[in-house]
Each structure stands twice: as structure tokens, then as C-alpha cells.
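To be precise, the following lines are data.pdb, and they hold PDB, C-alpha atoms, pLDDT in the B column.
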```
ATOM      1  CA  MET A   1       0.852  23.361  -6.659  1.00 35.00           C
ATOM      2  CA  ASN A   2       4.220  22.065  -5.605  1.00 37.00           C
ATOM      3  CA  THR A   3       4.979  18.454  -5.746  1.00 40.00           C
ATOM      4  CA  LEU A   4       7.794  16.679  -4.071  1.00 42.00           C
ATOM      5  CA  GLU A   5      10.957  17.645  -5.743  1.00 42.00           C
ATOM      6  CA  LEU A   6      13.262  15.108  -7.234  1.00 39.00           C
ATOM      7  CA  MET A   7      16.294  14.304  -5.310  1.00 40.00           C
ATOM      8  CA  PRO A   8      19.496  13.479  -7.108  1.00 39.00           C
ATOM      9  CA  THR A   9      20.711  10.705  -5.092  1.00 43.00           C
ATOM     10  CA  GLU A  10      22.034   8.116  -3.150  1.00 44.00           C
ATOM     11  CA  THR A  11      19.610   5.400  -2.639  1.00 47.00           C
ATOM     12  CA  HIS A  12      19.658   2.256  -0.750  1.00 50.00           C
ATOM     13  CA  ALA A  13      18.384  -1.005  -1.667  1.00 57.00           C
ATOM     14  CA  ILE A  14      15.704  -3.141  -0.164  1.00 63.00           C
ATOM     15  CA  ASP A  15      16.997  -6.372  -1.591  1.00 60.00           C
ATOM     16  CA  GLY A  16      20.658  -5.988  -0.659  1.00 57.00           C
ATOM     17  CA  ASN A  17      21.740  -6.001  -4.309  1.00 55.00           C
ATOM     18  CA  GLY A  18      21.728  -2.274  -4.961  1.00 55.00           C
ATOM     19  CA  ASN A  19      18.394  -2.744  -6.637  1.00 57.00           C
ATOM     20  CA  ASN A  20      15.588  -0.354  -5.891  1.00 83.00           C
ATOM     21  CA  MET A  21      13.449  -0.312  -8.990  1.00 90.00           C
ATOM     22  CA  ILE A  22      10.026  -1.528  -7.991  1.00 93.00           C
ATOM     23  CA  GLN A  23       7.466  -2.973 -10.371  1.00 95.00           C
ATOM     24  CA  LEU A  24       3.795  -2.484  -9.522  1.00 95.00           C
ATOM     25  CA  PRO A  25       1.926  -4.490 -12.160  1.00 93.00           C
ATOM     26  CA  TYR A  26      -1.390  -2.906 -11.100  1.00 92.00           C
ATOM     27  CA  GLY A  27       0.028   0.505 -10.278  1.00 93.00           C
ATOM     28  CA  LEU A  28      -1.327   2.382  -7.280  1.00 94.00           C
ATOM     29  CA  LEU A  29      -5.075   2.831  -6.904  1.00 92.00           C
ATOM     30  CA  GLY A  30      -5.958   5.793  -9.108  1.00 90.00           C
ATOM     31  CA  PHE A  31      -2.606   5.490 -10.914  1.00 91.00           C
ATOM     32  CA  GLU A  32      -3.115   2.114 -12.542  1.00 90.00           C
ATOM     33  CA  ARG A  33      -1.079   2.984 -15.611  1.00 90.00           C
ATOM     34  CA  VAL A  34       2.183   3.706 -13.843  1.00 92.00           C
ATOM     35  CA  HIS A  35       3.886   0.393 -13.245  1.00 94.00           C
ATOM     36  CA  GLN A  36       7.454   1.316 -12.476  1.00 94.00           C
ATOM     37  CA  TYR A  37       8.732   3.189  -9.447  1.00 94.00           C
ATOM     38  CA  ILE A  38      12.084   3.910  -7.905  1.00 91.00           C
ATOM     39  CA  LEU A  39      12.549   4.040  -4.154  1.00 91.00           C
ATOM     40  CA  LEU A  40      14.793   6.936  -3.168  1.00 86.00           C
ATOM     41  CA  THR A  41      16.352   7.238   0.244  1.00 83.00           C
ATOM     42  CA  ARG A  42      18.497   9.946   1.730  1.00 79.00           C
ATOM     43  CA  PRO A  43      19.980   9.580   5.208  1.00 80.00           C
ATOM     44  CA  GLU A  44      18.823  13.045   6.311  1.00 79.00           C
ATOM     45  CA  GLU A  45      15.257  12.249   5.329  1.00 81.00           C
ATOM     46  CA  GLU A  46      14.957   9.003   7.227  1.00 82.00           C
ATOM     47  CA  PRO A  47      12.669   7.380   8.023  1.00 88.00           C
ATOM     48  CA  PHE A  48      10.844   8.940   5.064  1.00 89.00           C
ATOM     49  CA  MET A  49      11.531   7.793   1.541  1.00 89.00           C
ATOM     50  CA  ARG A  50      10.350   8.924  -1.850  1.00 89.00           C
ATOM     51  CA  PHE A  51       8.513   6.503  -4.059  1.00 92.00           C
ATOM     52  CA  GLN A  52       8.961   8.056  -7.458  1.00 90.00           C
ATOM     53  CA  MET A  53       7.266   7.285 -10.734  1.00 91.00           C
ATOM     54  CA  VAL A  54       9.578   6.244 -13.548  1.00 89.00           C
ATOM     55  CA  GLY A  55       8.689   7.580 -16.972  1.00 81.00           C
ATOM     56  CA  GLU A  56       7.669  10.912 -18.399  1.00 76.00           C
ATOM     57  CA  VAL A  57       6.020  12.112 -15.239  1.00 75.00           C
ATOM     58  CA  LYS A  58       8.485  11.940 -12.393  1.00 75.00           C
ATOM     59  CA  ARG A  59       6.290  12.633  -9.419  1.00 87.00           C
ATOM     60  CA  ALA A  60       6.924  11.137  -6.037  1.00 90.00           C
ATOM     61  CA  PHE A  61       4.939   9.896  -3.103  1.00 93.00           C
ATOM     62  CA  LEU A  62       6.297  10.377   0.382  1.00 92.00           C
ATOM     63  CA  VAL A  63       6.353   7.006   2.129  1.00 94.00           C
ATOM     64  CA  VAL A  64       7.353   5.644   5.510  1.00 93.00           C
ATOM     65  CA  PRO A  65       7.872   2.117   6.864  1.00 93.00           C
ATOM     66  CA  PRO A  66       4.911   1.547   9.189  1.00 93.00           C
ATOM     67  CA  HIS A  67       6.920   0.540  12.248  1.00 89.00           C
ATOM     68  CA  PHE A  68       7.874   4.178  12.700  1.00 89.00           C
ATOM     69  CA  VAL A  69       4.200   4.985  12.974  1.00 90.00           C
ATOM     70  CA  LEU A  70       2.543   2.089  14.746  1.00 90.00           C
ATOM     71  CA  ALA A  71       4.731  -0.523  16.455  1.00 87.00           C
ATOM     72  CA  ASN A  72       2.198  -3.318  16.250  1.00 90.00           C
ATOM     73  CA  TYR A  73       0.907  -2.649  12.738  1.00 93.00           C
ATOM     74  CA  ALA A  74       0.006  -5.992  11.204  1.00 92.00           C
ATOM     75  CA  PRO A  75      -1.942  -5.942   7.953  1.00 93.00           C
ATOM     76  CA  ASP A  76      -3.316  -9.368   7.061  1.00 93.00           C
ATOM     77  CA  LEU A  77      -2.777 -10.116   3.413  1.00 93.00           C
ATOM     78  CA  SER A  78      -5.415 -12.082   1.573  1.00 89.00           C
ATOM     79  CA  GLU A  79      -4.429 -15.428   0.130  1.00 87.00           C
ATOM     80  CA  LEU A  80      -4.721 -13.896  -3.310  1.00 86.00           C
ATOM     81  CA  ASP A  81      -2.289 -11.101  -2.493  1.00 91.00           C
ATOM     82  CA  VAL A  82       0.184 -13.511  -0.890  1.00 94.00           C
ATOM     83  CA  ALA A  83       0.032 -15.646  -4.027  1.00 92.00           C
ATOM     84  CA  PHE A  84       0.251 -12.688  -6.394  1.00 92.00           C
ATOM     85  CA  LEU A  85       3.286 -11.290  -4.590  1.00 95.00           C
ATOM     86  CA  GLU A  86       4.807 -14.793  -4.384  1.00 95.00           C
ATOM     87  CA  LEU A  87       5.598 -14.307  -0.727  1.00 94.00           C
ATOM     88  CA  ASN A  88       7.044 -17.529   0.631  1.00 93.00           C
ATOM     89  CA  ASP A  89       7.788 -16.076   4.000  1.00 89.00           C
ATOM     90  CA  PRO A  90       6.772 -12.924   5.896  1.00 86.00           C
ATOM     91  CA  SER A  91      10.425 -11.850   5.902  1.00 86.00           C
ATOM     92  CA  GLU A  92      10.161 -11.324   2.154  1.00 90.00           C
ATOM     93  CA  ALA A  93       7.599  -8.558   2.586  1.00 93.00           C
ATOM     94  CA  PHE A  94       8.735  -4.944   2.685  1.00 93.00           C
ATOM     95  CA  VAL A  95       5.938  -2.575   3.619  1.00 95.00           C
ATOM     96  CA  LEU A  96       5.589   1.143   2.923  1.00 96.00           C
ATOM     97  CA  ASN A  97       2.736   3.496   3.753  1.00 97.00           C
ATOM     98  CA  ILE A  98       1.913   6.696   1.908  1.00 96.00           C
ATOM     99  CA  VAL A  99       2.215   9.968   3.824  1.00 94.00           C
ATOM    100  CA  THR A 100       0.161  13.067   3.060  1.00 92.00           C
ATOM    101  CA  MET A 101       1.148  16.493   4.361  1.00 88.00           C
ATOM    102  CA  ARG A 102      -2.128  18.243   5.151  1.00 86.00           C
ATOM    103  CA  ALA A 103      -0.640  21.471   6.503  1.00 82.00           C
ATOM    104  CA  PRO A 104       2.665  22.496   8.067  1.00 78.00           C
ATOM    105  CA  GLY A 105       3.175  20.185  11.025  1.00 79.00           C
ATOM    106  CA  GLU A 106       0.132  18.168  10.096  1.00 85.00           C
ATOM    107  CA  ALA A 107       0.517  14.883   8.322  1.00 90.00           C
ATOM    108  CA  THR A 108      -1.400  11.669   7.963  1.00 93.00           C
ATOM    109  CA  VAL A 109      -0.349   8.204   6.900  1.00 95.00           C
ATOM    110  CA  ASN A 110      -2.508   5.702   5.059  1.00 97.00           C
ATOM    111  CA  LEU A 111      -2.557   2.478   7.075  1.00 96.00           C
ATOM    112  CA  LYS A 112      -5.537   1.072   5.194  1.00 95.00           C
ATOM    113  CA  GLY A 113      -3.820   0.678   1.831  1.00 96.00           C
ATOM    114  CA  PRO A 114      -0.150  -0.271   2.359  1.00 97.00           C
ATOM    115  CA  ILE A 115       2.247  -0.918  -0.490  1.00 97.00           C
ATOM    116  CA  VAL A 116       3.682  -4.402   0.000  1.00 96.00           C
ATOM    117  CA  ILE A 117       6.835  -5.298  -1.927  1.00 95.00           C
ATOM    118  CA  ASN A 118       8.472  -8.675  -2.260  1.00 94.00           C
ATOM    119  CA  ARG A 119      12.145  -8.043  -1.441  1.00 90.00           C
ATOM    120  CA  ARG A 120      13.187 -10.985  -3.590  1.00 90.00           C
ATOM    121  CA  THR A 121      11.302 -10.111  -6.775  1.00 91.00           C
ATOM    122  CA  LEU A 122      10.875  -6.339  -6.172  1.00 92.00           C
ATOM    123  CA  ILE A 123       7.311  -6.694  -7.340  1.00 95.00           C
ATOM    124  CA  GLY A 124       4.773  -4.862  -5.241  1.00 96.00           C
ATOM    125  CA  LYS A 125       1.124  -4.053  -4.922  1.00 96.00           C
ATOM    126  CA  GLN A 126      -0.995  -1.572  -3.027  1.00 96.00           C
ATOM    127  CA  ILE A 127      -3.098  -4.022  -1.096  1.00 94.00           C
ATOM    128  CA  ILE A 128      -6.238  -3.696   0.951  1.00 92.00           C
ATOM    129  CA  PRO A 129      -5.649  -5.974   3.928  1.00 92.00           C
ATOM    130  CA  VAL A 130      -8.311  -8.376   5.161  1.00 88.00           C
ATOM    131  CA  ASN A 131      -8.292  -6.428   8.453  1.00 91.00           C
ATOM    132  CA  ALA A 132      -8.404  -3.005   6.747  1.00 89.00           C
ATOM    133  CA  ALA A 133     -11.309  -1.977   8.982  1.00 89.00           C
ATOM    134  CA  GLU A 134      -8.881  -1.844  11.935  1.00 93.00           C
ATOM    135  CA  TYR A 135      -6.808   0.874  10.300  1.00 94.00           C
ATOM    136  CA  ALA A 136      -7.344   4.485   9.340  1.00 94.00           C
ATOM    137  CA  ILE A 137      -6.689   5.901   5.937  1.00 95.00           C
ATOM    138  CA  ARG A 138      -5.754   9.209   7.612  1.00 95.00           C
ATOM    139  CA  HIS A 139      -3.846   8.036  10.640  1.00 95.00           C
ATOM    140  CA  PRO A 140      -2.337  11.134  12.321  1.00 92.00           C
ATOM    141  CA  LEU A 141       1.437  11.252  12.055  1.00 88.00           C
ATOM    142  CA  PRO A 142       3.248  13.144  14.808  1.00 81.00           C
ATOM    143  CA  VAL A 143       5.536  15.422  12.819  1.00 78.00           C
ATOM    144  CA  ALA A 144       7.378  18.579  13.733  1.00 73.00           C
TER     145      ALA A 144
ATOM    146  CA  MET B   1     -26.331  -1.461 -16.643  1.00 93.00           C
ATOM    147  CA  LEU B   2     -27.323  -5.071 -17.031  1.00 94.00           C
ATOM    148  CA  ILE B   3     -29.682  -6.156 -14.269  1.00 95.00           C
ATOM    149  CA  LEU B   4     -30.220  -9.855 -13.573  1.00 95.00           C
ATOM    150  CA  SER B   5     -32.377 -11.582 -10.965  1.00 96.00           C
ATOM    151  CA  ARG B   6     -30.693 -14.366  -9.013  1.00 96.00           C
ATOM    152  CA  LYS B   7     -31.636 -16.514  -6.035  1.00 96.00           C
ATOM    153  CA  PRO B   8     -29.285 -17.546  -3.238  1.00 96.00           C
ATOM    154  CA  GLY B   9     -27.083 -20.364  -4.532  1.00 97.00           C
ATOM    155  CA  GLU B  10     -27.237 -19.071  -8.102  1.00 97.00           C
ATOM    156  CA  SER B  11     -24.340 -17.471  -9.917  1.00 97.00           C
ATOM    157  CA  ILE B  12     -23.366 -15.360 -12.857  1.00 97.00           C
ATOM    158  CA  VAL B  13     -20.293 -15.877 -15.005  1.00 97.00           C
ATOM    159  CA  ILE B  14     -18.353 -12.927 -16.409  1.00 96.00           C
ATOM    160  CA  ASP B  15     -16.056 -13.350 -19.366  1.00 94.00           C
ATOM    161  CA  GLY B  16     -15.943 -17.105 -18.810  1.00 95.00           C
ATOM    162  CA  ARG B  17     -13.494 -16.710 -15.953  1.00 94.00           C
ATOM    163  CA  ILE B  18     -15.120 -14.764 -13.122  1.00 96.00           C
ATOM    164  CA  THR B  19     -17.970 -16.282 -11.158  1.00 97.00           C
ATOM    165  CA  VAL B  20     -20.073 -14.264  -8.747  1.00 97.00           C
ATOM    166  CA  LYS B  21     -22.342 -16.375  -6.573  1.00 97.00           C
ATOM    167  CA  ILE B  22     -25.130 -15.195  -4.280  1.00 97.00           C
ATOM    168  CA  MET B  23     -24.190 -17.069  -1.110  1.00 97.00           C
ATOM    169  CA  ARG B  24     -27.040 -15.971   1.163  1.00 96.00           C
ATOM    170  CA  LEU B  25     -29.228 -13.112   2.267  1.00 95.00           C
ATOM    171  CA  GLU B  26     -28.943 -11.768   5.806  1.00 95.00           C
ATOM    172  CA  GLY B  27     -31.472  -9.035   6.432  1.00 95.00           C
ATOM    173  CA  ASP B  28     -30.463  -6.215   4.103  1.00 95.00           C
ATOM    174  CA  MET B  29     -27.066  -7.790   3.388  1.00 95.00           C
ATOM    175  CA  VAL B  30     -26.216  -9.942   0.419  1.00 95.00           C
ATOM    176  CA  LYS B  31     -23.186 -12.226   0.791  1.00 96.00           C
ATOM    177  CA  LEU B  32     -21.361 -12.675  -2.491  1.00 96.00           C
ATOM    178  CA  GLY B  33     -18.813 -15.325  -3.327  1.00 96.00           C
ATOM    179  CA  ILE B  34     -16.389 -14.263  -6.028  1.00 95.00           C
ATOM    180  CA  ASP B  35     -14.134 -16.610  -7.948  1.00 94.00           C
ATOM    181  CA  ALA B  36     -11.731 -14.684 -10.110  1.00 90.00           C
ATOM    182  CA  PRO B  37      -8.260 -15.332 -11.517  1.00 87.00           C
ATOM    183  CA  ILE B  38      -5.425 -14.118  -9.366  1.00 78.00           C
ATOM    184  CA  ASN B  39      -4.684 -11.217 -11.708  1.00 76.00           C
ATOM    185  CA  VAL B  40      -8.150  -9.710 -11.339  1.00 81.00           C
ATOM    186  CA  PRO B  41      -8.193  -7.367  -8.332  1.00 78.00           C
ATOM    187  CA  VAL B  42     -11.524  -7.324  -6.484  1.00 83.00           C
ATOM    188  CA  HIS B  43     -12.258  -4.511  -4.025  1.00 83.00           C
ATOM    189  CA  ARG B  44     -15.169  -3.122  -2.084  1.00 87.00           C
ATOM    190  CA  GLN B  45     -16.058   0.037  -3.992  1.00 91.00           C
ATOM    191  CA  GLU B  46     -15.984   2.487  -1.069  1.00 91.00           C
ATOM    192  CA  VAL B  47     -12.595   1.319   0.221  1.00 90.00           C
ATOM    193  CA  TYR B  48     -11.177   1.452  -3.286  1.00 90.00           C
ATOM    194  CA  ASP B  49     -12.521   5.003  -3.779  1.00 94.00           C
ATOM    195  CA  GLU B  50     -11.178   6.177  -0.437  1.00 94.00           C
ATOM    196  CA  ILE B  51      -7.656   4.883  -1.104  1.00 95.00           C
ATOM    197  CA  GLN B  52      -7.654   6.253  -4.627  1.00 94.00           C
ATOM    198  CA  LYS B  53      -8.637   9.696  -3.328  1.00 95.00           C
ATOM    199  CA  ASN B  54      -5.954   9.547  -0.648  1.00 95.00           C
ATOM    200  CA  ASN B  55      -3.309   8.603  -3.232  1.00 95.00           C
ATOM    201  CA  GLN B  56      -4.271  11.612  -5.317  1.00 93.00           C
ATOM    202  CA  GLU B  57      -4.116  13.930  -2.313  1.00 92.00           C
ATOM    203  CA  ALA B  58      -0.712  12.514  -1.366  1.00 92.00           C
ATOM    204  CA  LEU B  59       0.652  13.370  -4.786  1.00 87.00           C
ATOM    205  CA  ASN B  60      -0.872  16.859  -4.822  1.00 74.00           C
ATOM    206  CA  GLN B  61       0.498  17.846  -1.456  1.00 68.00           C
ATOM    207  CA  THR B  62       2.552  20.963  -1.010  1.00 56.00           C
ATOM    208  CA  VAL B  63       5.812  20.120   0.644  1.00 59.00           C
ATOM    209  CA  ALA B  64       8.247  22.918   1.280  1.00 54.00           C
ATOM    210  CA  LYS B  65      10.278  20.836   3.616  1.00 62.00           C
ATOM    211  CA  LEU B  66      10.133  17.208   4.647  1.00 67.00           C
ATOM    212  CA  PRO B  67       8.588  16.668   8.041  1.00 67.00           C
ATOM    213  CA  GLN B  68      10.564  15.386  10.990  1.00 72.00           C
ATOM    214  CA  LEU B  69       8.987  12.590  12.915  1.00 72.00           C
ATOM    215  CA  LYS B  70       8.670  13.523  16.551  1.00 68.00           C
ATOM    216  CA  ALA B  71      11.270  11.768  18.681  1.00 51.00           C
ATOM    217  CA  LYS B  72       8.710   9.652  20.447  1.00 48.00           C
ATOM    218  CA  SER B  73       7.839   7.693  17.352  1.00 47.00           C
ATOM    219  CA  LYS B  74      11.394   7.301  16.133  1.00 48.00           C
ATOM    220  CA  PRO B  75      13.280   4.099  16.831  1.00 48.00           C
ATOM    221  CA  THR B  76      16.295   5.237  18.817  1.00 47.00           C
ATOM    222  CA  SER B  77      18.483   2.162  19.079  1.00 50.00           C
ATOM    223  CA  PRO B  78      20.033   0.085  16.311  1.00 51.00           C
ATOM    224  CA  LYS B  79      17.796  -2.721  17.504  1.00 49.00           C
ATOM    225  CA  ALA B  80      14.684  -0.594  17.140  1.00 47.00           C
ATOM    226  CA  ALA B  81      15.853   0.578  13.732  1.00 49.00           C
ATOM    227  CA  ALA B  82      16.315  -3.025  12.680  1.00 50.00           C
ATOM    228  CA  ALA B  83      12.845  -3.801  13.981  1.00 45.00           C
ATOM    229  CA  ALA B  84      11.502  -1.142  11.661  1.00 46.00           C
ATOM    230  CA  LYS B  85      12.617  -3.312   8.810  1.00 48.00           C
ATOM    231  CA  THR B  86      11.231  -6.439  10.357  1.00 42.00           C
ATOM    232  CA  PRO B  87       8.688  -8.034   8.102  1.00 38.00           C
ATOM    233  CA  LEU B  88       5.108  -7.991   9.088  1.00 36.00           C
ATOM    234  CA  PRO B  89       3.055 -11.025   9.830  1.00 38.00           C
ATOM    235  CA  TYR B  90       0.367 -11.842   7.374  1.00 37.00           C
ATOM    236  CA  ALA B  91      -2.587 -14.115   7.350  1.00 34.00           C
ATOM    237  CA  ASN B  92      -3.184 -17.246   5.400  1.00 33.00           C
ATOM    238  CA  GLN B  93       0.432 -18.062   5.067  1.00 34.00           C
ATOM    239  CA  ARG B  94       0.933 -21.486   3.620  1.00 32.00           C
TER     240      ARG B  94
END
```

Representation of the structure as C-alpha cells:
Amino acid sequence: MNTLELMPTETHAIDGNGNNMIQLPYGLLGFERVHQYILLTRPEEEPFMRFQMVGEVKRAFLVVPPHFVLANYAPDLSELDVAFLELNDPSEAFVLNIVTMRAPGEATVNLKGPIVINRRTLIGKQIIPVNAAEYAIRHPLPVA
Amino acid sequence: MLILSRKPGESIVIDGRITVKIMRLEGDMVKLGIDAPINVPVHRQEVYDEIQKNNQEALNQTVAKLPQLKAKSKPTSPKAAAAAKTPLPYANQR
């Protein structure tokens, strides 16, 4: 089993301050104990990014901003999630969706459980939107 | 498993801070009202399980080479690229 390899790297920040360490107080579903991630970006990999665990196990998820997948993607956050993430304005939300390679040339992206990060606090959460029923967990991703 | 009988309008309290109320019965559906502190995530079991499974698959994937998004789905102009970073609308904004 191969996992995504670590990239030495150049990263760029989502908050404009060179800061790309993300705290997920609840972790990701199924990975509740991992609370700290680093978002790694390399120009040649755009629009994909690697969302890598910080700690002993340095495994990474492949993620993509949803606008590259579905132009009108609009997850509705519950009041609780908006309050938890302390989002004062939609512009504070940075959204990433997890990509799964199923086979060469065959990938899916999870639109049902996006990771929403507050750009100001860099605190995020994998949320289940109120309108989750509108979105697929294995949305086909046109990859070459 | 603890099993309790409740009527519509009645509640149970968990740990002094989470209240689950039977709102009403609609055919074979039970509507629950849940009051929990903000730091207690509440999910429908099947959606939670599905996302958890997908997360595990995503981490176990074999990736020799990163995929390339097909041109069609790639923002081509600086404006489109900027739009990709445009925040999403969300409900219940105060």
C-alpha cells in the first residue's frame, strides 16, 4: 500500500501570513485523534493540495478546492458549525474537499463532507452540511 | 443498551447537558429535537459512517502520480482562478 508521499516544500498560505498549520479540534471523521494538519501546496500540483497530518504519522489526504469540481457548490453550514468555526462572514471560510484515487484516471471527490477552515483562526472542521443530501460522497472527478 | 419509553413531548437528559426530545411521530418516522453544547458533534449515523469510510479510503489510496484535472474543469483565467478561492455562501448567517 502506497500512501501519498511527503513533499518537501514550498507552501502557500491561506491566511496571507505565511501560516498554513490547520487545527481540527475534532479531527476528521474516523481520525478524531489527529488534530493538527499542514496544508502543502506545490505549483505543479495545482489545484490539488496535500492535507498532511502533523505528528508521528505523516500521512496526507489529497484535497481540492470545490470550485474546480463544481462551480455552484454551496454547502449550507448549520448554525452550530458557523458558531463553532467563528465565521463572521462567508469570506472567512476556506473550503477543501477530499479526493480519492480509485484507479488510474479514476478519481472521486467527497462533496458531502467538506473540510471548512476559518482563514482568520485557521481552525477547521469536517462538516456535514444541512443540504448534504444534494451532494455525493463519491462525486466523479474528471482526471487524466 | 439502555432502553427507555417516551411519549411525544417528553425528553431524556444525558450527562446533564444534552437533551433529546421526542418532537412528534409521523408514520414510521420519529422527529427528535436535540439540544447539545456547541462542542458536541451530532450526526446521523449513516452519513457519519459513510464519510468516515471515505476518509479511510482516501488515505489508503495508491497514488503513483498526482492526477491532472481535465482542462474543462480547470479555471483558465486569473478571474476564474480567483473565483476558485471565493468563499462559499452558507446558511443561517447572522

Please report as a tab-separated table every residue of chain A lying within 8 Å of chain B, along with the nearest atom pair and their distance in Å (one decimal), using all atoms listed in the file.
```
residue	atom	partner	partner_atom	distance
A:Met1	CA	B:Thr62	CA	6.4
A:Asn2	CA	B:Thr62	CA	5.0
A:Thr3	CA	B:Thr62	CA	5.9
A:Leu4	CA	B:Val63	CA	6.2
A:Leu28	CA	B:Asn55	CA	7.7
A:Leu29	CA	B:Gln52	CA	4.9
A:Gly30	CA	B:Gln52	CA	4.8
A:Glu45	CA	B:Leu66	CA	7.2
A:Arg59	CA	B:Leu59	CA	7.3
A:Ala60	CA	B:Leu59	CA	6.8
A:Phe61	CA	B:Leu59	CA	5.8
A:Leu62	CA	B:Ala58	CA	7.5
A:Pro65	CA	B:Ala84	CA	6.8
A:Pro66	CA	B:Ala84	CA	7.5
A:His67	CA	B:Ala84	CA	4.9
A:Phe68	CA	B:Lys74	CA	5.8
A:Val69	CA	B:Ser73	CA	6.3
A:Tyr73	CA	B:Leu88	CA	7.7
A:Ala74	CA	B:Leu88	CA	5.9
A:Pro75	CA	B:Tyr90	CA	6.4
A:Asp76	CA	B:Tyr90	CA	4.4
A:Leu77	CA	B:Tyr90	CA	5.3
A:Ser78	CA	B:Ala91	CA	6.7
A:Glu79	CA	B:Asn92	CA	5.7
A:Leu80	CA	B:Ile38	CA	6.1
A:Val82	CA	B:Gln93	CA	7.5
A:Ala83	CA	B:Ile38	CA	7.8
A:Phe84	CA	B:Ile38	CA	6.6
A:Asn88	CA	B:Arg94	CA	7.9
A:Asp89	CA	B:Gln93	CA	7.7
A:Pro90	CA	B:Pro87	CA	5.7
A:Ser91	CA	B:Pro87	CA	4.7
A:Glu92	CA	B:Pro87	CA	7.0
A:Ala93	CA	B:Pro87	CA	5.6
A:Phe94	CA	B:Pro87	CA	6.2
A:Val95	CA	B:Pro87	CA	7.6
A:Ile98	CA	B:Ala58	CA	7.2
A:Val99	CA	B:Ala58	CA	6.5
A:Thr100	CA	B:Ala58	CA	4.5
A:Met101	CA	B:Gln61	CA	6.0
A:Arg102	CA	B:Gln61	CA	7.1
A:Gly105	CA	B:Pro67	CA	7.1
A:Asn110	CA	B:Asn54	CA	7.7
A:Lys112	CA	B:Ile51	CA	7.7
A:Gly113	CA	B:Ile51	CA	6.4
A:Ile128	CA	B:His43	CA	7.9
A:Ile137	CA	B:Ile51	CA	7.2
A:Leu141	CA	B:Leu69	CA	7.7
A:Pro142	CA	B:Lys70	CA	5.7
A:Val143	CA	B:Leu69	CA	4.5
A:Ala144	CA	B:Gln68	CA	5.3
```

* **Contact residues around Arg33 of chain A with all atoms listed in the file at 12 Å, ignoring same-chain residues under 5 positions, as a PyMOL selection string** => chain A and resi 23-28+53-55+57

Give, as lines of an AutoDock Vina configuration file, the centre coordinates and the x, y and z edge lengths in Å to one decimal for an axis-aligned box around all listed atoms of segment 17-21 of chain B, padded by 5 Å on each side.
```
center_x = -17.9
center_y = -15.5
center_z = -11.3
size_x = 18.8
size_y = 12.4
size_z = 19.4
```

* For this file, the PyMOL selection byres ((chain B and resi 11) around 8) selects which residues, as an NGL selection string? -> :B and (6 or 9-10 or 12-13 or 19-22)

* **Between atom CA of Phe31 of chain A and atom CA of Asn97 of chain A, distance in Å (one decimal)** => 15.7 Å

* Asked: What does the distance between atom CA of Pro129 of chain A and atom CA of Ile22 of chain A come to in Å, to one decimal place?
  -> 20.2 Å

* Shell of 6 Å around Tyr135 of chain A, all atoms listed in the file, local chain residues under 2 positions omitted, as a ChimeraX atom specification -> /A:111-112,132-133

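The gap separating atom CA of Val130 of chain A from atom CA of Gly33 of chain B is 15.2 Å, in Å to one decimal.
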
Complete segment 107-122 of chain A at the level of N, CA and C atoms, written as a compact mmCIF listing (two decimals), keeping the file's coordinate frame.
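As a result, result29.txt now contains:
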```txt
# COMPACT_ATOMS: atom_id res chain seq x y z
N ALA A 107 0.39 15.92 9.33
CA ALA A 107 0.52 14.88 8.32
C ALA A 107 -0.31 13.67 8.70
N THR A 108 -0.69 12.91 7.70
CA THR A 108 -1.40 11.67 7.96
C THR A 108 -0.73 10.57 7.16
N VAL A 109 -0.92 9.34 7.61
CA VAL A 109 -0.35 8.20 6.90
C VAL A 109 -1.47 7.20 6.65
N ASN A 110 -1.46 6.64 5.46
CA ASN A 110 -2.51 5.70 5.06
C ASN A 110 -2.15 4.29 5.52
N LEU A 111 -2.82 3.83 6.56
CA LEU A 111 -2.56 2.48 7.08
C LEU A 111 -3.52 1.46 6.48
N LYS A 112 -4.51 1.96 5.75
CA LYS A 112 -5.54 1.07 5.19
C LYS A 112 -5.14 0.48 3.85
N GLY A 113 -4.23 1.16 3.16
CA GLY A 113 -3.82 0.68 1.83
C GLY A 113 -2.31 0.66 1.69
N PRO A 114 -1.62 -0.23 2.43
CA PRO A 114 -0.15 -0.27 2.36
C PRO A 114 0.36 -0.77 1.01
N ILE A 115 1.57 -0.37 0.69
CA ILE A 115 2.25 -0.92 -0.49
C ILE A 115 3.12 -2.05 0.04
N VAL A 116 2.89 -3.25 -0.45
CA VAL A 116 3.68 -4.40 0.00
C VAL A 116 4.56 -4.86 -1.16
N ILE A 117 5.86 -4.95 -0.88
CA ILE A 117 6.84 -5.30 -1.93
C ILE A 117 7.55 -6.59 -1.54
N ASN A 118 7.69 -7.47 -2.49
CA ASN A 118 8.47 -8.68 -2.26
C ASN A 118 9.94 -8.31 -2.45
N ARG A 119 10.73 -8.43 -1.38
CA ARG A 119 12.14 -8.04 -1.44
C ARG A 119 12.92 -8.86 -2.46
N ARG A 120 12.48 -10.07 -2.70
CA ARG A 120 13.19 -10.98 -3.59
C ARG A 120 12.92 -10.64 -5.05
N THR A 121 11.65 -10.36 -5.37
CA THR A 121 11.30 -10.11 -6.78
C THR A 121 11.21 -8.62 -7.09
N LEU A 122 11.09 -7.79 -6.03
CA LEU A 122 10.88 -6.34 -6.17
C LEU A 122 9.58 -6.02 -6.93
```
